[in-house]
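Undergrad: Dropping a structure here in structure tokens format, bear with me for questions.
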Amino acid sequence: MDAAYGIAVFWKGFLSNRNGFVVGIPSVPLTELYGSVREPIERNHGQVRTRCGVAEVQICAGRVIGVRLDDGTAVDADYYVSAVTFDRLLKILPEDLRDQKPFSNLRRLRVSPITGIHLWFDRTVMPEPFLTSLDQTIQWVFNKTSLYGGGGPQPGQYLQIVVSASYGFSQRPQEEIVDLCRKELAQLIPAVGEAKLIRSVVIRENAATFSPQPGCDEWRPHQQTAVPNLLVAGDWTQTGWPATMESAVRSGYQAAEAILGLEGRPTRLVQPELPATGLARWFTRA
Ligand SMILES: Cc1cc2nc3c(=O)[nH]c(=O)nc-3n(C[C@H](O)[C@H](O)[C@H](O)COP(=O)(O)OP(=O)(O)OC[C@H]3O[C@@H](n4cnc5c(N)ncnc54)[C@H](O)[C@@H]3O)c2cc1C
């Protein structure tokens, strides 16, 4: 990983501002979280269509003239913001554009795997909403039972373990992964050793996020591309952040800022970062 991103996360999370460490955890499933944006968009005369992929971005005379959806429907607009992953973008662009910058640079970006290990126990083993583990393979343990609003009528507890950059899991059988996680979890939470594992699911995402390799800033495109009415958003675009939700959100704001700029209405939308406070201020002045 590019050391600059590691240092930046450490700086922002632990050094620069006393609230930088605060972690936000969704207390509802992601579909519900995303679903909440539908109402304000529709109120402003927009439309939200789900489960309809873009099959092709159509270009004519250097501008996007429309997109074709998987079901063949054509959609046109003044501006087009692609928020798909970079490998997917390369697939839906016309072939000649894929070889032109900034799109040709996307082939240089790399991806990183994340594995989620879902475990259901016959009893409550963990009172905390989440834990972070050091010096183990397992990194995060989320108490899904409490995060999703209590245990309900079923006894037991549902925990999710998350392992980022889980390259070591790519070829391992699921049972081995579950055994390893359960063993490490028991070291972290002794009650796990007594509990019965009722069910387990391992979800490996081999291309979960883009990986900020050294020098990747040279290949991450700005939201405004060489095609005047085509913008790109996504955690992999130029945001100054590694592959995080912060990066994805910032990229969306930056794409919207670029459109407003093109429309002659420059507006700042990106939310300011937490200011450096206390001793950290002296470092930012240097
Ligand atoms: C298991 C896991 C855990 C993570 N944990 C954290 C965390 O704790 N904190 C954090 O900050 N980040 C975390 N991340 C990273 C975070 O989820 C990403 O950085 C973020 O979601 C990237 O957002 P994005 O909008 O760039 O891309 P994505 O969220 O990948 O969105 C791309 C979208 O494009 C859609 N799409 C693809 N092809 C097409 C097409 N042809 N037409 C239309 N739509 C298409 C996809 O369905 C998808 O919805 C995690 C990621 C994973 C996988």
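Chain labels follow the order of the structure tokens: the first chain is A, the next B, and so on; residue numbering restarts at 1 in every chain, and ligands are counted from 1 in their shown order.
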Report as JSON, numbers by chain all protein, DNA and RNA residues lying within 12 Å of Ala256 (chain A), evaluated on only C-alpha atoms, omitting residues in the same chain fewer than 5 positions from it.

TA: {"A": [79, 80, 81, 82, 83, 223, 224, 229, 230, 231, 232, 233, 249, 250, 251, 261, 262, 263, 265, 266, 267, 268, 269, 270]}

Undergrad: Mind checking which residues fall within 12 Å of Trp282 (chain A), counting only C-alpha atoms, ignoring those fewer than 6 positions away in the same chain, and posting them as number ranges by chain?

TA: A: 15-16, 276

Undergrad: For the structure I just gave you, how does DSSP split region 6-251 of chain A - specifically, which residues are strand (DSSP E or B)? Reply as a VMD selection string.

TA: chain A and resid 54 to 60 63 to 69 74 to 75 80 to 82 110 to 121 130 to 132 140 to 143 157 to 164 197 to 211 224 230 to 232

Undergrad: Please produce, as a tab-separated table, a per-residue contact table for chain A versus ligand 1 (criterion: any atom at most 9 Å away, only C-alpha atoms and all ligand atoms considered), showing the nearest atom pair and its distance in Å to one decimal, sorted by chain then residue number.

TA:
residue	atom	partner	partner_atom_place_in_ligand_line	distance
A:Val23	CA	ligand 1	8 (O)	8.7
A:Gly24	CA	ligand 1	9 (N)	8.7
A:Ile25	CA	ligand 1	8 (O)	8.1
A:Thr50	CA	ligand 1	43 (C)	8.6
A:Arg51	CA	ligand 1	43 (C)	7.8
A:Cys52	CA	ligand 1	43 (C)	6.4
A:Gly53	CA	ligand 1	42 (N)	3.3
A:Val54	CA	ligand 1	42 (N)	3.8
A:Ala55	CA	ligand 1	41 (N)	5.6
A:Glu56	CA	ligand 1	41 (N)	7.8
A:Leu69	CA	ligand 1	42 (N)	7.6
A:Asp70	CA	ligand 1	41 (N)	8.0
A:Ser82	CA	ligand 1	43 (C)	8.3
A:Ala83	CA	ligand 1	34 (O)	5.7
A:Val84	CA	ligand 1	34 (O)	3.7
A:Thr85	CA	ligand 1	32 (C)	5.2
A:Phe86	CA	ligand 1	26 (O)	8.7
A:Asp87	CA	ligand 1	38 (N)	8.9
A:Arg88	CA	ligand 1	38 (N)	5.6
A:Leu89	CA	ligand 1	41 (N)	7.4
A:Lys91	CA	ligand 1	41 (N)	8.2
A:Ile92	CA	ligand 1	41 (N)	6.8
A:Pro113	CA	ligand 1	53 (C)	7.8
A:Ile114	CA	ligand 1	1 (C)	5.3
A:Thr115	CA	ligand 1	1 (C)	6.2
A:Gly116	CA	ligand 1	1 (C)	5.9
A:Trp140	CA	ligand 1	8 (O)	8.8
A:Val162	CA	ligand 1	1 (C)	6.8
A:Val163	CA	ligand 1	1 (C)	8.1
A:Ser164	CA	ligand 1	3 (C)	7.4
A:Ile203	CA	ligand 1	1 (C)	8.3
A:Arg204	CA	ligand 1	1 (C)	8.2
A:Glu205	CA	ligand 1	53 (C)	6.4
A:Asn206	CA	ligand 1	53 (C)	8.9
A:Ala207	CA	ligand 1	53 (C)	7.9
A:Ala208	CA	ligand 1	53 (C)	4.2
A:Thr209	CA	ligand 1	19 (O)	6.0
A:Phe210	CA	ligand 1	19 (O)	7.8
A:Ala233	CA	ligand 1	26 (O)	6.6
A:Gly234	CA	ligand 1	26 (O)	3.1
A:Asp235	CA	ligand 1	26 (O)	3.9
A:Trp236	CA	ligand 1	26 (O)	6.3
A:Thr237	CA	ligand 1	26 (O)	8.1
A:Pro242	CA	ligand 1	19 (O)	7.9
A:Ala243	CA	ligand 1	19 (O)	4.4
A:Thr244	CA	ligand 1	11 (O)	3.4
A:Met245	CA	ligand 1	11 (O)	3.8
A:Glu246	CA	ligand 1	11 (O)	5.9
A:Ser247	CA	ligand 1	19 (O)	6.7
A:Ala248	CA	ligand 1	26 (O)	4.5
A:Val249	CA	ligand 1	25 (O)	7.3
A:Ser251	CA	ligand 1	26 (O)	7.9
A:Gly252	CA	ligand 1	25 (O)	8.1

Undergrad: Using only N, CA and C atoms, please write the residues we just selected to a file, as a compact mmCIF listing (two decimals), in the first residue's frame.

TA:
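New file again-v4.txt:
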# COMPACT_ATOMS: atom_id res chain seq x y z
N VAL A 23 -16.30 6.09 14.76
CA VAL A 23 -16.66 5.14 13.70
C VAL A 23 -18.17 5.14 13.54
N GLY A 24 -18.64 5.26 12.32
CA GLY A 24 -20.08 5.18 12.05
C GLY A 24 -20.42 3.78 11.58
N ILE A 25 -21.43 3.20 12.18
CA ILE A 25 -21.83 1.84 11.77
C ILE A 25 -23.31 1.86 11.41
N THR A 50 -33.60 0.83 -9.96
CA THR A 50 -32.67 -0.16 -9.43
C THR A 50 -32.71 -1.42 -10.29
N ARG A 51 -31.73 -2.25 -10.09
CA ARG A 51 -31.61 -3.50 -10.84
C ARG A 51 -31.69 -3.30 -12.34
N CYS A 52 -31.09 -2.22 -12.83
CA CYS A 52 -30.99 -2.09 -14.28
C CYS A 52 -29.59 -1.59 -14.60
N GLY A 53 -28.75 -2.50 -15.03
CA GLY A 53 -27.35 -2.18 -15.31
C GLY A 53 -27.18 -1.44 -16.62
N VAL A 54 -26.09 -0.69 -16.70
CA VAL A 54 -25.74 -0.03 -17.96
C VAL A 54 -24.88 -1.00 -18.77
N ALA A 55 -25.32 -1.27 -19.99
CA ALA A 55 -24.57 -2.21 -20.83
C ALA A 55 -23.53 -1.47 -21.67
N GLU A 56 -23.84 -0.20 -22.00
CA GLU A 56 -22.95 0.49 -22.94
C GLU A 56 -23.12 2.00 -22.81
N LEU A 69 -29.21 0.38 -21.51
CA LEU A 69 -29.32 -0.48 -20.33
C LEU A 69 -29.31 -1.95 -20.75
N ASP A 70 -29.14 -2.82 -19.78
CA ASP A 70 -29.08 -4.26 -20.07
C ASP A 70 -30.32 -4.75 -20.80
N SER A 82 -20.63 8.29 -14.15
CA SER A 82 -20.47 6.85 -13.94
C SER A 82 -20.00 6.62 -12.51
N ALA A 83 -20.73 5.80 -11.77
CA ALA A 83 -20.32 5.48 -10.39
C ALA A 83 -20.05 3.98 -10.25
N VAL A 84 -19.76 3.34 -11.38
CA VAL A 84 -19.45 1.90 -11.32
C VAL A 84 -17.97 1.72 -11.00
N THR A 85 -17.57 0.50 -10.68
CA THR A 85 -16.16 0.26 -10.37
C THR A 85 -15.32 0.45 -11.65
N PHE A 86 -14.01 0.67 -11.47
CA PHE A 86 -13.20 1.04 -12.65
C PHE A 86 -13.11 -0.09 -13.68
N ASP A 87 -13.10 -1.35 -13.22
CA ASP A 87 -13.01 -2.45 -14.18
C ASP A 87 -14.31 -2.55 -14.98
N ARG A 88 -15.44 -2.25 -14.31
CA ARG A 88 -16.73 -2.28 -15.00
C ARG A 88 -16.83 -1.13 -16.00
N LEU A 89 -16.30 0.02 -15.62
CA LEU A 89 -16.35 1.17 -16.52
C LEU A 89 -15.64 0.84 -17.83
N LYS A 91 -15.44 -1.89 -19.24
CA LYS A 91 -16.24 -2.82 -20.06
C LYS A 91 -17.38 -2.11 -20.78
N ILE A 92 -17.90 -1.04 -20.19
CA ILE A 92 -19.08 -0.41 -20.81
C ILE A 92 -18.72 0.78 -21.72
N PRO A 113 -8.81 -8.01 -1.93
CA PRO A 113 -9.95 -8.81 -1.46
C PRO A 113 -10.35 -8.48 -0.02
N ILE A 114 -11.63 -8.67 0.28
CA ILE A 114 -12.13 -8.59 1.66
C ILE A 114 -12.98 -9.83 1.88
N THR A 115 -12.81 -10.45 3.05
CA THR A 115 -13.64 -11.62 3.36
C THR A 115 -14.49 -11.33 4.58
N GLY A 116 -15.76 -11.65 4.47
CA GLY A 116 -16.69 -11.53 5.60
C GLY A 116 -17.03 -12.93 6.10
N TRP A 140 -11.94 -7.15 12.38
CA TRP A 140 -13.12 -6.51 12.96
C TRP A 140 -14.14 -7.58 13.31
N VAL A 162 -14.72 -9.32 9.80
CA VAL A 162 -14.27 -8.78 8.51
C VAL A 162 -12.75 -8.81 8.47
N VAL A 163 -12.23 -9.35 7.39
CA VAL A 163 -10.77 -9.38 7.18
C VAL A 163 -10.47 -8.67 5.86
N SER A 164 -9.81 -7.52 5.95
CA SER A 164 -9.43 -6.79 4.73
C SER A 164 -8.12 -7.35 4.19
N ILE A 203 -18.07 -15.14 2.98
CA ILE A 203 -18.26 -14.42 1.71
C ILE A 203 -16.93 -13.77 1.32
N ARG A 204 -16.34 -14.31 0.25
CA ARG A 204 -15.06 -13.77 -0.23
C ARG A 204 -15.33 -12.83 -1.39
N GLU A 205 -14.85 -11.61 -1.28
CA GLU A 205 -14.98 -10.68 -2.41
C GLU A 205 -13.57 -10.42 -2.91
N ASN A 206 -13.23 -11.06 -4.02
CA ASN A 206 -11.83 -10.99 -4.48
C ASN A 206 -11.45 -9.61 -5.00
N ALA A 207 -12.42 -8.90 -5.56
CA ALA A 207 -12.14 -7.53 -6.03
C ALA A 207 -13.02 -6.58 -5.22
N ALA A 208 -12.85 -6.61 -3.90
CA ALA A 208 -13.75 -5.85 -3.02
C ALA A 208 -13.55 -4.35 -3.16
N THR A 209 -12.30 -3.92 -3.18
CA THR A 209 -12.02 -2.48 -3.28
C THR A 209 -10.78 -2.30 -4.16
N PHE A 210 -10.55 -1.07 -4.55
CA PHE A 210 -9.29 -0.82 -5.25
C PHE A 210 -8.20 -0.74 -4.19
N ALA A 233 -17.24 8.85 -10.81
CA ALA A 233 -17.23 8.91 -9.34
C ALA A 233 -16.92 7.51 -8.85
N GLY A 234 -16.47 7.41 -7.63
CA GLY A 234 -16.11 6.11 -7.06
C GLY A 234 -14.91 6.28 -6.16
N ASP A 235 -14.75 5.35 -5.22
CA ASP A 235 -13.64 5.50 -4.27
C ASP A 235 -12.29 5.48 -4.96
N TRP A 236 -12.22 4.95 -6.18
CA TRP A 236 -10.96 4.81 -6.92
C TRP A 236 -10.59 6.08 -7.69
N THR A 237 -11.47 7.07 -7.73
CA THR A 237 -11.14 8.30 -8.45
C THR A 237 -10.28 9.19 -7.55
N PRO A 242 -7.95 6.79 0.62
CA PRO A 242 -7.89 5.39 0.15
C PRO A 242 -9.29 4.84 -0.08
N ALA A 243 -9.39 3.53 -0.36
CA ALA A 243 -10.69 2.93 -0.72
C ALA A 243 -11.60 2.88 0.50
N THR A 244 -12.39 3.90 0.67
CA THR A 244 -13.29 4.00 1.82
C THR A 244 -14.61 4.61 1.36
N MET A 245 -15.58 4.55 2.24
CA MET A 245 -16.85 5.21 1.93
C MET A 245 -16.65 6.73 1.85
N GLU A 246 -15.71 7.24 2.68
CA GLU A 246 -15.42 8.68 2.62
C GLU A 246 -14.98 9.06 1.21
N SER A 247 -14.10 8.22 0.64
CA SER A 247 -13.60 8.51 -0.70
C SER A 247 -14.74 8.47 -1.71
N ALA A 248 -15.61 7.46 -1.58
CA ALA A 248 -16.73 7.33 -2.52
C ALA A 248 -17.65 8.55 -2.43
N VAL A 249 -17.96 8.98 -1.20
CA VAL A 249 -18.86 10.12 -1.02
C VAL A 249 -18.23 11.39 -1.58
N SER A 251 -16.05 11.63 -3.89
CA SER A 251 -15.99 11.60 -5.35
C SER A 251 -17.33 12.04 -5.95
N GLY A 252 -18.42 11.67 -5.27
CA GLY A 252 -19.74 12.07 -5.76
C GLY A 252 -19.92 13.57 -5.69

Undergrad: Check the smallest atom-to-atom distance from each of A:Leu279, A:Ala165, A:Ile177, A:Ile189 to Arg18 (chain A) using only C-alpha atoms, then report the winner.

TA: A:Leu279

Undergrad: Give the alpha helix (DSSP H) residues of region 167-209 of chain A, as assigned by DSSP on the backbone, as a PyMOL selection string.

TA: chain A and resi 174-188

Undergrad: Would you please work out which residue, of A:Gln174, A:Leu185, A:Pro155, A:Lys101, is nearest to Ile138 (chain A) when using only C-alpha atoms?

TA: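 The answer is A:Leu185, which sits nearest to Ile138 (chain A).
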
Undergrad: List as a list of chain:residue names the protein and nucleic acid residues near Thr277 (chain A), meaning an atom at most 12 Å away when only C-alpha atoms are counted, but skip any in the same chain fewer than 2 places from it.

TA: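 Within the cut-off, the hits are A:Trp11, A:Lys12, A:Phe14, A:Leu15, A:Ser16, A:Asn17, A:Arg18, A:Asn19, A:Gly20, A:Glu273, A:Leu274, A:Pro275, A:Leu279, A:Ala280, A:Arg281, A:Trp282, A:Phe283, A:Thr284, A:Arg285.
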
Undergrad: Using only C-alpha atoms, which residue out of A:Gln157, A:Val125, A:Tyr148, A:Ser211 lies closest to Leu188 (chain A)?

TA: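 Selected residue with least distance to Leu188 (chain A): A:Val125.
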
Undergrad: I'd like the contact shell of Asp96 (chain A) - 12 Å cut-off, only C-alpha atoms, skipping same-chain residues fewer than 4 positions apart - returned as a list in words.

TA: Gln58, Ile59, Cys60, Gly62, Leu90, Lys91, Ile92, Gln100, Lys101, Phe103 and Ser104 of chain A

Undergrad: Produce a file of the selected residues containing N, CA and C atoms, as a PDB file, in the first residue's frame.

TA:
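Written file, result-v9.pdb:
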ATOM      1  N   GLN A  58     -22.726   5.293 -24.908  1.00  0.00           N
ATOM      2  CA  GLN A  58     -22.633   5.568 -26.350  1.00  0.00           C
ATOM      3  C   GLN A  58     -22.036   6.952 -26.586  1.00  0.00           C
ATOM      4  N   ILE A  59     -21.001   6.983 -27.423  1.00  0.00           N
ATOM      5  CA  ILE A  59     -20.269   8.228 -27.669  1.00  0.00           C
ATOM      6  C   ILE A  59     -20.399   8.594 -29.142  1.00  0.00           C
ATOM      7  N   CYS A  60     -20.592   9.880 -29.401  1.00  0.00           N
ATOM      8  CA  CYS A  60     -20.603  10.349 -30.787  1.00  0.00           C
ATOM      9  C   CYS A  60     -19.951  11.726 -30.803  1.00  0.00           C
ATOM     10  N   GLY A  62     -17.172  12.741 -29.749  1.00  0.00           N
ATOM     11  CA  GLY A  62     -16.466  13.088 -28.513  1.00  0.00           C
ATOM     12  C   GLY A  62     -17.351  13.377 -27.321  1.00  0.00           C
ATOM     13  N   LEU A  90     -14.484   0.175 -17.705  1.00  0.00           N
ATOM     14  CA  LEU A  90     -13.741  -0.173 -18.925  1.00  0.00           C
ATOM     15  C   LEU A  90     -14.576  -1.058 -19.843  1.00  0.00           C
ATOM     16  N   LYS A  91     -15.437  -1.894 -19.238  1.00  0.00           N
ATOM     17  CA  LYS A  91     -16.237  -2.817 -20.061  1.00  0.00           C
ATOM     18  C   LYS A  91     -17.382  -2.108 -20.779  1.00  0.00           C
ATOM     19  N   ILE A  92     -17.903  -1.035 -20.189  1.00  0.00           N
ATOM     20  CA  ILE A  92     -19.083  -0.407 -20.815  1.00  0.00           C
ATOM     21  C   ILE A  92     -18.717   0.776 -21.719  1.00  0.00           C
ATOM     22  N   GLN A 100      -7.735   5.446 -24.474  1.00  0.00           N
ATOM     23  CA  GLN A 100      -7.349   6.858 -24.329  1.00  0.00           C
ATOM     24  C   GLN A 100      -7.318   7.244 -22.859  1.00  0.00           C
ATOM     25  N   LYS A 101      -6.410   8.189 -22.534  1.00  0.00           N
ATOM     26  CA  LYS A 101      -6.347   8.667 -21.155  1.00  0.00           C
ATOM     27  C   LYS A 101      -7.568   9.514 -20.850  1.00  0.00           C
ATOM     28  N   PHE A 103      -8.850   6.921 -19.291  1.00  0.00           N
ATOM     29  CA  PHE A 103      -9.419   5.579 -19.122  1.00  0.00           C
ATOM     30  C   PHE A 103      -8.364   4.481 -19.248  1.00  0.00           C
ATOM     31  N   SER A 104      -7.380   4.683 -20.135  1.00  0.00           N
ATOM     32  CA  SER A 104      -6.353   3.641 -20.318  1.00  0.00           C
ATOM     33  C   SER A 104      -5.576   3.419 -19.012  1.00  0.00           C
TER      34      SER A 104
END

Undergrad: So what do you get for CA of Asp78 (chain A) versus CA of Asp99 (chain A), distance-wise?

TA: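 For CA of Asp78 (chain A) relative to CA of Asp99 (chain A), the distance reads 24.3 Å.
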
Undergrad: For each of A:Asp217, A:Glu39, A:Glu176, A:Glu184, take the minimum atom-to-atom distance to Ser133 (chain A), counting only C-alpha atoms, then give the residue where this is smallest.

TA: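 Of all the options, A:Glu184 lies closest to Ser133 (chain A).
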